[in-house]
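Student: One structure follows; several queries about it will come next.
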Amino acid sequence: MKRSTGRSDEGTVGDFQGYEIIVVGTSWGGLAAVRAILSALPADFDIPIVVVQHRHRDSESNLAGFLTRNTHLRVCDVEDKMPIEPGRLYFAPPDYHTMVENGFLALSTEAPVRYSRPSIDVMLTSAADAYERRTIGVILTGANADGAQGLRRVADVGGLAIVQDPATAEVATMPEAAIAAVPQARVFPLERIAGYLATLPSIHAARGQQ
Amino acid sequence: MPGPPVGYNAELERTEVELLLEGIFRQYGFDFRSYAYASIRRRLWKRVEAEGLQNLSQLQAMVLHDADSLERLLLDLSVNVTSMFRDPLFYTTFRAQVIPLLRTYPYLRLWHAGCSTGEEVYSMAILLEEEGLYDRARIYATDINDVVLQQARRGIFPLERMQEYTENYIRAGGKRSFSEYYTAKYDGALFDGRLARNVVFAQHNLVTDRSFAEFHVIFCRNVLIYFDKDLQNRVHSLFYDSLVRLGMLCLGSKETLKFSTYEPCYERLDQNEKIYRKVR
């Protein structure tokens with residue numbers, strides 16, 4: 001049977017070469033949490049990270065500059081059809097849904113999902129569908145249950161699910177909902193998340209060595 | 001979340017999406033084959049669920065044999081919800097940077113490409129009126145979908161949105177009182193018909209139709225995001241051919257010319273808003 005899409009073969013566990021993308025969802029308290037993780041990542045961390053934080057449509061839409069000084073990663077505000085590259089952090093804009101496709105990010109102005117646009121569920125689900133088990137989903141502090149279903153999808157396709165320990169979260173609602181949906185998720189206090197991410201295999205590093 | 005069940009073969013899904021869109025094109029002539037994959041697959045699965053079906057192949061069977069179900073699908077695929085003075089910062093930037101340039105022309109032609117239900121058209125009409133440029137303007141508002149065009153012609157918007165639109169209008173630098181522009185009728189706000197006196201609403205398909213005039217300004221905001229990169233480039237070719245030299249192309253705030261081959265033909269007018277001027 002012809003297989004020509006170039007997707008990595010799902011057949012053998014031994015074929016897994018590393019993670020290809022990290023998708024992060026958060027709302028209340030999220031900016032500080034993301035900054036804390038960023039400042040603790042190693043300088044050569046190369047798995048691209050896409051962050052959706054619930055933001056009011058009128059909020060400052062160019063946050064890249066705000067985060068840049070905390071990290072060696074190249075921080076960008078997402079634009080439609082922007083390629084996903086190693087070593088970058090992508091910040092989803094307000095009032096659009098951000099979706100992950102194979103190799104790039106796509107925006108949509110469809111209706112809010114559970115009152116949220118950007119929706120964390122939409123983003124995480126699209127990443128799980130595009131990158132399958134090469135996806136890492138992370139849920140941080142937040143005030144509602146957006147992201148729980150998306151994290152479940154990441155886990156169901158064989159990706160890695162990480163949740164911030166609700167006890168360390170500014171608002172526990174979002175991480176608690178995520179844990180309820182994905183009981184097997186790895187739960188860490190905020191200050192240990194970066195260290196854990198740094199231990200994970202990166203497909204970009206593996207490709208770089210070929 | 002609309003979508004296939006976990007474990008559904010991704011290649012099979014893509015095959016089904018492509019066959020469905022090919023079928024619609026061959027049977028009805030509507031070409032969605034180059035639409036952005038992530039958003040169109042989501043919309044298709046939403047329709048699968050709404051029709052009580054199991055998968056995309058069943059949706060294909062339904063729409064190919066039942067034109068009514070196609071109409072329902074078309075509405076899903078081609079309606080983009082919008083609001084008046086969406087992205088107020090775009091309008092303040094337009095007032096500050098573009099209006100002074102437009103004043104130098106004795107007459108103006110503007111094109112809203114993909115105008116949907118017309119919110120942006122009426123917003124821009126109000127702005128041009130307040131800046132004293134409406135009388136010299138001829139405005140074309142086009143969309144692929146005749147149903148939304150009819151709505152746009154009527155100029156009636158939901159009354160419950162007026163508070164949000166008033167806030168947007170004020171932040172967009174509106175000079176009057178927003179309520180002067182409409183009258184409340186039942187659940188609708190009927191906008192002053194004089195705002196549409198220089199507007200032609202017409203059907204036009206960005207995918208298949210050619211250039212029909214040269215414009216001083218083209219608005220295409222948050223429409224191109226629904227197209228894949230190849231189709232976006234083809235549409236940019238159409239826009240390039242439809243702009244006078246030094247004409248302006250206005251995109252949505254998170255769209256960009258950066259990944260298009262036409263980028264070198266334009267200069268950016270503002271560092272935040274995506275307003276480009278054709279210089280080459």
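Going by the structure tokens order, chains are called A, B, ..., each with residues numbered from 1, while ligands are numbered from 1 in the order shown.
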Using only C-alpha atoms, select each residue of chain B with any atom at most 8 Å away from an atom of chain A, and give the selection as a list in words.

Tutor: Met1, Val6, Gly7, Ala10, Glu11, Ala36, Tyr37, Ala38, Ser39, Asn80, Val81, Asn222, Ile225, Tyr226, Lys229, Lys254, Glu255, Thr256 and Phe259 of chain B

Student: Report as number ranges by chain all protein, DNA and RNA residues lying within 7 Å of A:Ala185, evaluated on only C-alpha atoms, omitting residues in the same chain fewer than 3 positions from it.

Tutor: A: 161-163, 179, 182

Student: Would you export the selected residues with N, CA, C and O atoms as a tab-separated table (two decimals), in the first residue's frame, please?

Tutor:
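The file below, result_4.tsv, is the result:
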```tsv
chain	number	residue	atom	x	y	z
A	161	ALA	N	1.23	14.82	28.08
A	161	ALA	CA	0.39	15.81	28.73
A	161	ALA	C	1.03	16.26	30.02
A	161	ALA	O	1.38	15.44	30.88
A	162	ILE	N	1.20	17.58	30.17
A	162	ILE	CA	1.81	18.15	31.37
A	162	ILE	C	0.87	19.20	31.94
A	162	ILE	O	0.32	20.01	31.20
A	163	VAL	N	0.69	19.19	33.26
A	163	VAL	CA	-0.19	20.17	33.88
A	163	VAL	C	0.53	20.81	35.07
A	163	VAL	O	1.21	20.12	35.84
A	179	ILE	N	-6.46	17.97	34.74
A	179	ILE	CA	-6.12	16.71	35.42
A	179	ILE	C	-7.32	15.78	35.45
A	179	ILE	O	-7.19	14.56	35.29
A	182	VAL	N	-7.48	14.30	32.05
A	182	VAL	CA	-6.31	13.49	31.70
A	182	VAL	C	-5.62	13.04	32.98
A	182	VAL	O	-4.60	13.62	33.39
```

Student: So how many Å separate atom CA of B:Thr261 and atom CA of B:Tyr276, to one decimal?

Tutor: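 Rounded to one decimal, the two atoms are 14.2 Å apart.
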
Student: Identify, on the basis of only C-alpha atoms, every residue whose closest approach to B:Leu249 does not exceed 9 Å; exclude the query and any residue fewer than 2 positions from it along the same chain; express the result as JSON, numbers by chain.

Tutor: {"B": [216, 217, 218, 219, 220, 239, 240, 243, 247, 251, 266, 274, 275, 276, 277, 278]}

Student: Would you mind listing what lies within 12 Å of stretch 92-97 of chain B as an mmCIF file with N, CA, C and O atoms, in the first residue's frame, with only C-alpha atoms counted and same-chain residues fewer than 5 positions away left out?

Tutor:
```cif
data_model
loop_
_atom_site.group_PDB
_atom_site.id
_atom_site.type_symbol
_atom_site.label_atom_id
_atom_site.label_comp_id
_atom_site.auth_asym_id
_atom_site.auth_seq_id
_atom_site.Cartn_x
_atom_site.Cartn_y
_atom_site.Cartn_z
ATOM 1 N N PHE B 85 -16.452 48.231 12.702
ATOM 2 C CA PHE B 85 -15.239 48.827 13.274
ATOM 3 C C PHE B 85 -14.423 47.799 14.048
ATOM 4 O O PHE B 85 -13.811 48.127 15.076
ATOM 5 N N ARG B 86 -14.404 46.568 13.549
ATOM 6 C CA ARG B 86 -13.546 45.535 14.143
ATOM 7 C C ARG B 86 -12.100 45.993 14.045
ATOM 8 O O ARG B 86 -11.652 46.464 13.020
ATOM 9 N N ASP B 87 -11.331 45.815 15.107
ATOM 10 C CA ASP B 87 -9.959 46.347 15.168
ATOM 11 C C ASP B 87 -9.992 47.860 15.018
ATOM 12 O O ASP B 87 -9.531 48.404 14.008
ATOM 13 N N LEU B 102 -5.540 59.877 0.243
ATOM 14 C CA LEU B 102 -6.728 59.786 -0.607
ATOM 15 C C LEU B 102 -7.263 61.177 -0.968
ATOM 16 O O LEU B 102 -7.877 61.349 -2.023
ATOM 17 N N ARG B 103 -7.026 62.139 -0.108
ATOM 18 C CA ARG B 103 -7.521 63.501 -0.391
ATOM 19 C C ARG B 103 -6.914 64.067 -1.674
ATOM 20 O O ARG B 103 -7.462 64.992 -2.268
ATOM 21 N N SER B 123 -18.941 50.521 7.947
ATOM 22 C CA SER B 123 -17.987 51.201 8.824
ATOM 23 C C SER B 123 -17.137 52.168 8.012
ATOM 24 O O SER B 123 -16.950 53.332 8.388
ATOM 25 N N MET B 124 -16.624 51.697 6.892
ATOM 26 C CA MET B 124 -15.752 52.530 6.070
ATOM 27 C C MET B 124 -16.559 53.661 5.426
ATOM 28 O O MET B 124 -16.047 54.779 5.278
ATOM 29 N N ILE B 126 -19.042 55.206 6.784
ATOM 30 C CA ILE B 126 -19.173 56.203 7.845
ATOM 31 C C ILE B 126 -17.882 57.011 7.974
ATOM 32 O O ILE B 126 -17.897 58.245 8.055
ATOM 33 N N LEU B 127 -16.762 56.322 7.955
ATOM 34 C CA LEU B 127 -15.476 57.005 8.084
ATOM 35 C C LEU B 127 -15.257 57.974 6.928
ATOM 36 O O LEU B 127 -14.870 59.132 7.125
ATOM 37 N N LEU B 128 -15.525 57.520 5.710
ATOM 38 C CA LEU B 128 -15.327 58.383 4.535
ATOM 39 C C LEU B 128 -16.255 59.595 4.581
ATOM 40 O O LEU B 128 -15.868 60.711 4.223
ATOM 41 N N GLU B 129 -17.478 59.369 5.027
ATOM 42 C CA GLU B 129 -18.453 60.451 5.160
ATOM 43 C C GLU B 129 -17.924 61.495 6.141
ATOM 44 O O GLU B 129 -17.911 62.690 5.857
ATOM 45 N N GLU B 130 -17.425 61.018 7.284
ATOM 46 C CA GLU B 130 -16.933 61.953 8.313
ATOM 47 C C GLU B 130 -15.694 62.690 7.849
ATOM 48 O O GLU B 130 -15.437 63.826 8.280
ATOM 49 N N GLU B 131 -14.934 62.077 6.977
ATOM 50 C CA GLU B 131 -13.725 62.737 6.477
ATOM 51 C C GLU B 131 -14.004 63.546 5.212
ATOM 52 O O GLU B 131 -13.092 64.100 4.613
ATOM 53 N N GLY B 132 -15.265 63.622 4.809
ATOM 54 C CA GLY B 132 -15.636 64.439 3.649
ATOM 55 C C GLY B 132 -15.209 63.866 2.321
ATOM 56 O O GLY B 132 -15.107 64.588 1.325
ATOM 57 N N LEU B 133 -14.960 62.551 2.263
ATOM 58 C CA LEU B 133 -14.496 61.940 1.018
ATOM 59 C C LEU B 133 -15.531 61.025 0.364
ATOM 60 O O LEU B 133 -15.291 60.494 -0.712
ATOM 61 N N ASN B 168 -16.625 50.318 19.680
ATOM 62 C CA ASN B 168 -15.628 50.217 18.611
ATOM 63 C C ASN B 168 -15.531 51.522 17.827
ATOM 64 O O ASN B 168 -14.439 51.996 17.510
ATOM 65 N N TYR B 169 -16.698 52.076 17.513
ATOM 66 C CA TYR B 169 -16.758 53.302 16.700
ATOM 67 C C TYR B 169 -16.020 54.448 17.393
ATOM 68 O O TYR B 169 -15.246 55.178 16.765
ATOM 69 N N ILE B 170 -16.257 54.563 18.700
ATOM 70 C CA ILE B 170 -15.596 55.627 19.452
ATOM 71 C C ILE B 170 -14.087 55.423 19.446
ATOM 72 O O ILE B 170 -13.315 56.352 19.194
ATOM 73 N N ARG B 171 -13.658 54.180 19.688
ATOM 74 C CA ARG B 171 -12.220 53.913 19.713
ATOM 75 C C ARG B 171 -11.604 54.009 18.333
ATOM 76 O O ARG B 171 -10.395 54.147 18.201
ATOM 77 N N ALA B 172 -12.452 53.952 17.317
ATOM 78 C CA ALA B 172 -11.932 54.072 15.954
ATOM 79 C C ALA B 172 -11.817 55.536 15.537
ATOM 80 O O ALA B 172 -11.482 55.837 14.396
ATOM 81 N N GLY B 173 -12.108 56.450 16.458
ATOM 82 C CA GLY B 173 -11.987 57.869 16.157
ATOM 83 C C GLY B 173 -13.242 58.478 15.564
ATOM 84 O O GLY B 173 -13.196 59.508 14.898
ATOM 85 N N GLY B 174 -14.385 57.841 15.813
ATOM 86 C CA GLY B 174 -15.644 58.348 15.278
ATOM 87 C C GLY B 174 -15.923 59.764 15.762
ATOM 88 O O GLY B 174 -15.692 60.085 16.921
ATOM 89 N N LYS B 175 -16.431 60.588 14.845
ATOM 90 C CA LYS B 175 -16.548 62.010 15.165
ATOM 91 C C LYS B 175 -17.941 62.430 15.595
ATOM 92 O O LYS B 175 -18.125 63.545 16.054
ATOM 93 N N VAL B 217 -7.949 51.742 -3.216
ATOM 94 C CA VAL B 217 -7.839 50.964 -1.976
ATOM 95 C C VAL B 217 -8.567 49.638 -2.138
ATOM 96 O O VAL B 217 -9.691 49.614 -2.626
ATOM 97 N N PHE B 219 -9.707 46.455 0.351
ATOM 98 C CA PHE B 219 -9.800 45.884 1.699
ATOM 99 C C PHE B 219 -10.042 44.392 1.552
ATOM 100 O O PHE B 219 -10.984 43.989 0.882
ATOM 101 N N MET B 248 -3.538 51.234 -2.272
ATOM 102 C CA MET B 248 -3.361 50.656 -0.948
ATOM 103 C C MET B 248 -4.060 49.308 -0.804
ATOM 104 O O MET B 248 -5.206 49.147 -1.228
ATOM 105 N N LEU B 249 -3.369 48.350 -0.188
ATOM 106 C CA LEU B 249 -3.960 47.050 0.117
ATOM 107 C C LEU B 249 -4.036 46.916 1.634
ATOM 108 O O LEU B 249 -3.016 47.050 2.310
ATOM 109 N N CYS B 250 -5.236 46.671 2.157
ATOM 110 C CA CYS B 250 -5.428 46.577 3.606
ATOM 111 C C CYS B 250 -5.800 45.156 3.992
ATOM 112 O O CYS B 250 -6.841 44.658 3.567
ATOM 113 N N LEU B 251 -4.935 44.527 4.801
ATOM 114 C CA LEU B 251 -5.195 43.161 5.263
ATOM 115 C C LEU B 251 -5.576 43.170 6.743
ATOM 116 O O LEU B 251 -5.480 44.204 7.408
ATOM 117 N N SER B 253 -5.235 42.406 10.774
ATOM 118 C CA SER B 253 -4.081 42.786 11.593
ATOM 119 C C SER B 253 -3.084 41.651 11.817
ATOM 120 O O SER B 253 -1.921 41.910 12.097
ATOM 121 N N ARG B 268 5.275 48.928 3.386
ATOM 122 C CA ARG B 268 4.399 48.929 4.550
ATOM 123 C C ARG B 268 4.200 50.377 5.000
ATOM 124 O O ARG B 268 5.158 51.123 5.170
ATOM 125 N N LEU B 269 2.945 50.746 5.216
ATOM 126 C CA LEU B 269 2.661 52.131 5.591
ATOM 127 C C LEU B 269 2.715 52.354 7.096
ATOM 128 O O LEU B 269 2.896 53.474 7.573
ATOM 129 N N ASP B 270 2.511 51.266 7.860
ATOM 130 C CA ASP B 270 2.431 51.419 9.300
ATOM 131 C C ASP B 270 3.077 50.209 9.962
ATOM 132 O O ASP B 270 2.994 49.116 9.428
ATOM 133 N N GLN B 271 3.700 50.386 11.111
ATOM 134 C CA GLN B 271 4.413 49.244 11.680
ATOM 135 C C GLN B 271 3.495 48.259 12.405
ATOM 136 O O GLN B 271 3.888 47.133 12.662
ATOM 137 N N ASN B 272 2.277 48.671 12.733
ATOM 138 C CA ASN B 272 1.358 47.746 13.385
ATOM 139 C C ASN B 272 0.286 47.202 12.440
ATOM 140 O O ASN B 272 0.101 46.007 12.327
ATOM 141 N N GLU B 273 -0.401 48.109 11.756
ATOM 142 C CA GLU B 273 -1.490 47.671 10.889
ATOM 143 C C GLU B 273 -0.957 47.214 9.546
ATOM 144 O O GLU B 273 0.061 47.701 9.069
ATOM 145 N N LYS B 274 -1.647 46.281 8.926
ATOM 146 C CA LYS B 274 -1.182 45.711 7.662
ATOM 147 C C LYS B 274 -1.774 46.492 6.500
ATOM 148 O O LYS B 274 -2.682 46.052 5.797
ATOM 149 N N ILE B 275 -1.253 47.703 6.332
ATOM 150 C CA ILE B 275 -1.646 48.561 5.220
ATOM 151 C C ILE B 275 -0.432 48.698 4.327
ATOM 152 O O ILE B 275 0.622 49.175 4.752
ATOM 153 N N TYR B 276 -0.573 48.246 3.091
ATOM 154 C CA TYR B 276 0.558 48.214 2.156
ATOM 155 C C TYR B 276 0.267 49.111 0.972
ATOM 156 O O TYR B 276 -0.858 49.172 0.487
ATOM 157 N N ARG B 277 1.335 49.737 0.462
ATOM 158 C CA ARG B 277 1.171 50.570 -0.721
ATOM 159 C C ARG B 277 1.935 49.937 -1.871
ATOM 160 O O ARG B 277 3.112 49.589 -1.728
#
```

Student: Quick one: DSSP strand (DSSP E or B) residues in stretch 118-165 of chain B, as JSON, numbers by chain?

Tutor: {"B": [137, 138, 139, 140, 141, 142, 143, 156, 157, 158]}

Student: Which residues are near A:Val75? Cut-off 12 Å, only C-alpha atoms, ignore same chain within fewer than 5 positions. Put them as an MDAnalysis selection string.

Tutor: chainID A and resid 35 38 48:51 62:70 84:92

Student: Please, could you write that set of residues out with C-alpha atoms as an mmCIF file, in the first residue's frame?

Tutor:
```cif
data_model
loop_
_atom_site.group_PDB
_atom_site.id
_atom_site.type_symbol
_atom_site.label_atom_id
_atom_site.label_comp_id
_atom_site.auth_asym_id
_atom_site.auth_seq_id
_atom_site.Cartn_x
_atom_site.Cartn_y
_atom_site.Cartn_z
ATOM 1 C CA ARG A 35 7.809 33.923 31.768
ATOM 2 C CA LEU A 38 10.982 30.588 29.697
ATOM 3 C CA PRO A 48 9.103 25.225 19.176
ATOM 4 C CA ILE A 49 6.518 26.440 21.677
ATOM 5 C CA VAL A 50 3.107 27.892 20.844
ATOM 6 C CA VAL A 51 1.301 29.703 23.652
ATOM 7 C CA ASN A 62 2.240 42.624 20.410
ATOM 8 C CA LEU A 63 3.480 40.730 23.420
ATOM 9 C CA ALA A 64 6.637 39.377 21.833
ATOM 10 C CA GLY A 65 8.665 42.346 22.981
ATOM 11 C CA PHE A 66 7.502 41.877 26.541
ATOM 12 C CA LEU A 67 8.783 38.309 26.762
ATOM 13 C CA THR A 68 11.940 38.624 24.685
ATOM 14 C CA ARG A 69 14.232 39.703 27.499
ATOM 15 C CA ASN A 70 13.432 36.598 29.556
ATOM 16 C CA ILE A 84 6.975 26.754 12.782
ATOM 17 C CA GLU A 85 10.708 26.751 13.369
ATOM 18 C CA PRO A 86 12.917 25.244 16.074
ATOM 19 C CA GLY A 87 14.045 27.553 18.857
ATOM 20 C CA ARG A 88 11.026 29.826 18.636
ATOM 21 C CA LEU A 89 8.188 30.833 20.903
ATOM 22 C CA TYR A 90 4.916 31.809 19.227
ATOM 23 C CA PHE A 91 2.307 33.904 21.011
ATOM 24 C CA ALA A 92 -1.247 33.578 19.770
#
```

Student: List the spatial neighbours of stretch 174-177 of chain A as a count of residues only - criterion: any atom at most 6 Å away, only C-alpha atoms, same-chain residues fewer than 5 positions off excluded.

Tutor: 9

Student: So which residues touch B:Leu56 within 12 Å, counting only C-alpha atoms, skipping near sequence neighbours fewer than 2 positions away, as a PyMOL selection string?

Tutor: chain B and resi 2-4+8+12-21+23+40-49+51-54+58-63

Student: Would you save the residues from that selection as a PDB file, in the first residue's frame, using C-alpha atoms?

Tutor:
```pdb
ATOM      1  CA  PRO B   2     -15.713  18.914  15.715  1.00  0.00           C
ATOM      2  CA  GLY B   3     -13.394  16.387  14.208  1.00  0.00           C
ATOM      3  CA  PRO B   4     -12.792  12.717  13.519  1.00  0.00           C
ATOM      4  CA  TYR B   8      -8.822   8.060  12.601  1.00  0.00           C
ATOM      5  CA  LEU B  12      -7.694   8.757   4.906  1.00  0.00           C
ATOM      6  CA  GLU B  13      -9.212  11.930   6.295  1.00  0.00           C
ATOM      7  CA  ARG B  14      -7.237  14.097   3.914  1.00  0.00           C
ATOM      8  CA  THR B  15      -8.293  11.880   1.006  1.00  0.00           C
ATOM      9  CA  GLU B  16     -11.930  12.222   2.043  1.00  0.00           C
ATOM     10  CA  VAL B  17     -11.651  16.007   2.366  1.00  0.00           C
ATOM     11  CA  GLU B  18     -10.078  16.282  -1.057  1.00  0.00           C
ATOM     12  CA  LEU B  19     -12.644  14.010  -2.692  1.00  0.00           C
ATOM     13  CA  LEU B  20     -15.514  15.897  -1.093  1.00  0.00           C
ATOM     14  CA  LEU B  21     -14.204  19.276  -2.257  1.00  0.00           C
ATOM     15  CA  GLY B  23     -16.988  16.508  -5.876  1.00  0.00           C
ATOM     16  CA  ILE B  40     -12.039  23.795   6.418  1.00  0.00           C
ATOM     17  CA  ARG B  41     -11.773  20.326   7.903  1.00  0.00           C
ATOM     18  CA  ARG B  42     -13.175  21.681  11.151  1.00  0.00           C
ATOM     19  CA  ARG B  43     -16.119  23.252   9.340  1.00  0.00           C
ATOM     20  CA  LEU B  44     -16.751  20.061   7.375  1.00  0.00           C
ATOM     21  CA  TRP B  45     -16.829  17.936  10.525  1.00  0.00           C
ATOM     22  CA  LYS B  46     -19.218  20.417  12.125  1.00  0.00           C
ATOM     23  CA  ARG B  47     -21.528  19.858   9.169  1.00  0.00           C
ATOM     24  CA  VAL B  48     -21.098  16.075   9.498  1.00  0.00           C
ATOM     25  CA  GLU B  49     -22.285  16.343  13.099  1.00  0.00           C
ATOM     26  CA  GLU B  51     -26.441  16.374   9.644  1.00  0.00           C
ATOM     27  CA  GLY B  52     -26.177  13.404  12.000  1.00  0.00           C
ATOM     28  CA  LEU B  53     -23.613  11.598   9.865  1.00  0.00           C
ATOM     29  CA  GLN B  54     -20.523   9.554  10.715  1.00  0.00           C
ATOM     30  CA  GLN B  58     -21.215  10.220   3.950  1.00  0.00           C
ATOM     31  CA  LEU B  59     -21.320  14.013   3.737  1.00  0.00           C
ATOM     32  CA  GLN B  60     -20.036  13.771   0.184  1.00  0.00           C
ATOM     33  CA  ALA B  61     -22.777  11.304  -0.744  1.00  0.00           C
ATOM     34  CA  MET B  62     -25.374  13.608   0.768  1.00  0.00           C
ATOM     35  CA  VAL B  63     -24.319  16.884  -0.851  1.00  0.00           C
TER      36      VAL B  63
END
```

Student: Among stretch 57-143 of chain A, which residues does DSSP mark as alpha helix (DSSP H) when it is run on the backbone? Keep the chain and numbering as in the structure and answer as a list in words.

Tutor: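 So the alpha helix (DSSP H) residues in stretch 57-143 of chain A would be Ala64, Gly65, Phe66, Leu67, Thr68, Ile120, Asp121, Val122, Met123, Leu124, Thr125, Ser126, Ala127, Ala128, Asp129, Ala130 and Tyr131 of chain A.
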
Student: Generate the output file for the selected residues, C-alpha atoms, as an mmCIF file, in the first residue's frame.

Tutor:
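Once written, part20.cif looks like this:
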```cif
data_model
loop_
_atom_site.group_PDB
_atom_site.id
_atom_site.type_symbol
_atom_site.label_atom_id
_atom_site.label_comp_id
_atom_site.auth_asym_id
_atom_site.auth_seq_id
_atom_site.Cartn_x
_atom_site.Cartn_y
_atom_site.Cartn_z
ATOM 1 C CA ALA A 64 6.637 39.377 21.833
ATOM 2 C CA GLY A 65 8.665 42.346 22.981
ATOM 3 C CA PHE A 66 7.502 41.877 26.541
ATOM 4 C CA LEU A 67 8.783 38.309 26.762
ATOM 5 C CA THR A 68 11.940 38.624 24.685
ATOM 6 C CA ILE A 120 -7.019 26.495 23.913
ATOM 7 C CA ASP A 121 -9.032 23.407 22.980
ATOM 8 C CA VAL A 122 -8.994 24.394 19.306
ATOM 9 C CA MET A 123 -5.236 24.910 19.329
ATOM 10 C CA LEU A 124 -4.336 21.772 21.256
ATOM 11 C CA THR A 125 -6.658 19.599 19.176
ATOM 12 C CA SER A 126 -5.187 20.900 15.929
ATOM 13 C CA ALA A 127 -1.652 20.236 17.200
ATOM 14 C CA ALA A 128 -2.578 16.693 18.247
ATOM 15 C CA ASP A 129 -4.086 16.056 14.808
ATOM 16 C CA ALA A 130 -1.062 17.487 12.983
ATOM 17 C CA TYR A 131 1.820 16.151 15.071
#
```

Student: In Å, rounded to a single decimal, give me how far atom CA of B:Val148 is from atom CA of B:Thr117.

Tutor: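 If I compute the distance from atom CA of B:Thr117 to atom CA of B:Val148, I get 4.9 Å.
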